[in-house]
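What follows is a set of notes on a single structure, which appears directly below.
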Amino acid sequence: MNQRQSYYIGIKGLIKNNQGDILILKDNSTGKWEVPGGRIDQNQAIEEAFRREMAEELPGSVVNGFGNVVYVAQGDFVVENSHKLMLLFFSTDVSVPDKPKLSNEHSELAWVNRNNLNDYPIYSSDKAAIESVLA
């Protein structure tokens with residue numbers, strides 16, 4: 001009998017600005033860019049986990065709305081204990097301050113669109129999710 005794969009569940013929020021660009025953050029540990037979000041803690045509701053992640057990653061941001069799942073992917077890497085990461089990308093309405101502070105996990109932020117998306121080394125799962133909403 002095959003052994004079943006264990007997964008952690010991660011949530012990501014596709015945050016658009018008024019021009020329709022999508023927010024990405026540069027991961028300090030890898031230098032790659034990603035959509036904001038993170039793993040759901042045990043016994044935590046999905047929306048609660050997203051609000052916690054936004055408070056951690058973009059202090060001062062305000063989650064105004066939390067929409068539907070728009071993309072699902074397996075993460076590009078394995079996390080502790082050989083678990084894979086299943087990523088759920090949600091449409092969101094988040095107000096981001098003009099000069100946002102970043103957590104120690106990220107060093108930069110950028111807004112991407114169809115024209116500049118390929119200028120950033122973005123995790124493939126995150127890039128596919130972005131492309132799905134920019135199409």
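Letters for chains follow the order of the structure tokens (A, B, ...), residue numbers begin at 1 for each chain, and ligand numbers begin at 1 in the order shown.
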
Notebook entry, point to check: Leaving out range 5-17 of chain A and any residue of its chain fewer than 3 positions from it, which residues lie within 6 Å of it when counting only C-alpha atoms, given as a PyMOL selection string?
Noted result: chain A and resi 20-23+36-40+83-92

Item checked: In chain A, DSSP alpha helix (DSSP H) residues written as a VMD selection string -> chain A and resid 46 to 57 124 to 134

Item checked: strand (DSSP E) per DSSP on the backbone: members of chain A, as an NGL selection string -> :A and (7-14 or 22-27 or 33-34 or 37-39 or 62-79 or 83-95 or 106-112)

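The environment of range 95-109 of chain A within 6 Å, counting only C-alpha atoms and disregarding residues fewer than 2 places along the same chain, consists of Ile24, Leu25, Lys26, Asp27, Asn28, Glu57, Leu58, Pro59, Ser61 and Val62 of chain A.
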
Output file for the residues above (N, CA and C atoms, as an mmCIF file, in the first residue's frame):
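selection.cif, written as the output of this step:
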```
data_model
loop_
_atom_site.group_PDB
_atom_site.id
_atom_site.type_symbol
_atom_site.label_atom_id
_atom_site.label_comp_id
_atom_site.auth_asym_id
_atom_site.auth_seq_id
_atom_site.Cartn_x
_atom_site.Cartn_y
_atom_site.Cartn_z
ATOM 1 N N ILE A 24 3.467 41.671 -4.362
ATOM 2 C CA ILE A 24 4.370 40.563 -4.050
ATOM 3 C C ILE A 24 5.429 41.054 -3.067
ATOM 4 N N LEU A 25 5.986 40.109 -2.317
ATOM 5 C CA LEU A 25 7.007 40.405 -1.320
ATOM 6 C C LEU A 25 8.246 39.554 -1.593
ATOM 7 N N LYS A 26 9.430 40.135 -1.335
ATOM 8 C CA LYS A 26 10.678 39.400 -1.538
ATOM 9 C C LYS A 26 11.036 38.638 -0.271
ATOM 10 N N ASP A 27 11.133 37.325 -0.389
ATOM 11 C CA ASP A 27 11.442 36.425 0.723
ATOM 12 C C ASP A 27 12.927 36.544 1.062
ATOM 13 N N ASN A 28 13.229 36.934 2.303
ATOM 14 C CA ASN A 28 14.626 37.091 2.738
ATOM 15 C C ASN A 28 15.418 35.792 2.685
ATOM 16 N N GLU A 57 3.135 40.208 8.303
ATOM 17 C CA GLU A 57 3.931 40.512 7.116
ATOM 18 C C GLU A 57 3.818 41.954 6.650
ATOM 19 N N LEU A 58 2.670 42.570 6.843
ATOM 20 C CA LEU A 58 2.439 43.948 6.418
ATOM 21 C C LEU A 58 1.759 44.721 7.538
ATOM 22 N N PRO A 59 2.483 45.000 8.628
ATOM 23 C CA PRO A 59 1.872 45.729 9.738
ATOM 24 C C PRO A 59 1.248 47.038 9.246
ATOM 25 N N SER A 61 -1.545 47.134 7.548
ATOM 26 C CA SER A 61 -2.511 46.825 6.499
ATOM 27 C C SER A 61 -3.843 46.457 7.149
ATOM 28 N N VAL A 62 -4.923 46.664 6.408
ATOM 29 C CA VAL A 62 -6.261 46.376 6.921
ATOM 30 C C VAL A 62 -6.960 45.435 5.953
#
```

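With distances restricted to only C-alpha atoms, A:Arg4 is the closest residue to Ser82 in chain A from A:Arg4, A:Gly67, A:Val35, A:Thr30.
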
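Rounded to one decimal, CA of Leu117 in chain A and CA of Glu47 in chain A lie 27.1 Å from each other.
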
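Closest approach to Leu134 in chain A among A:Asn81, A:Gln19, A:Asn43, A:Asn64 is made by A:Gln19 (distances from only C-alpha atoms).
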
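Take the candidates A:Asp126, A:Val94, A:Ala73, A:Ala49 and check each one against Asn18 in chain A using only C-alpha atoms; the shortest distance goes to A:Val94.
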
Check: Counting only C-alpha atoms, what is within 8 Å of range 121-123 of chain A, bar same-chain residues fewer than 3 positions away, as a count of residues only?
Finding: 7

Next item on the list: Measure the distance from CA of Asp119 in chain A to CA of Gln74 in chain A in Å and round it to one decimal.
Entry: 22.8 Å
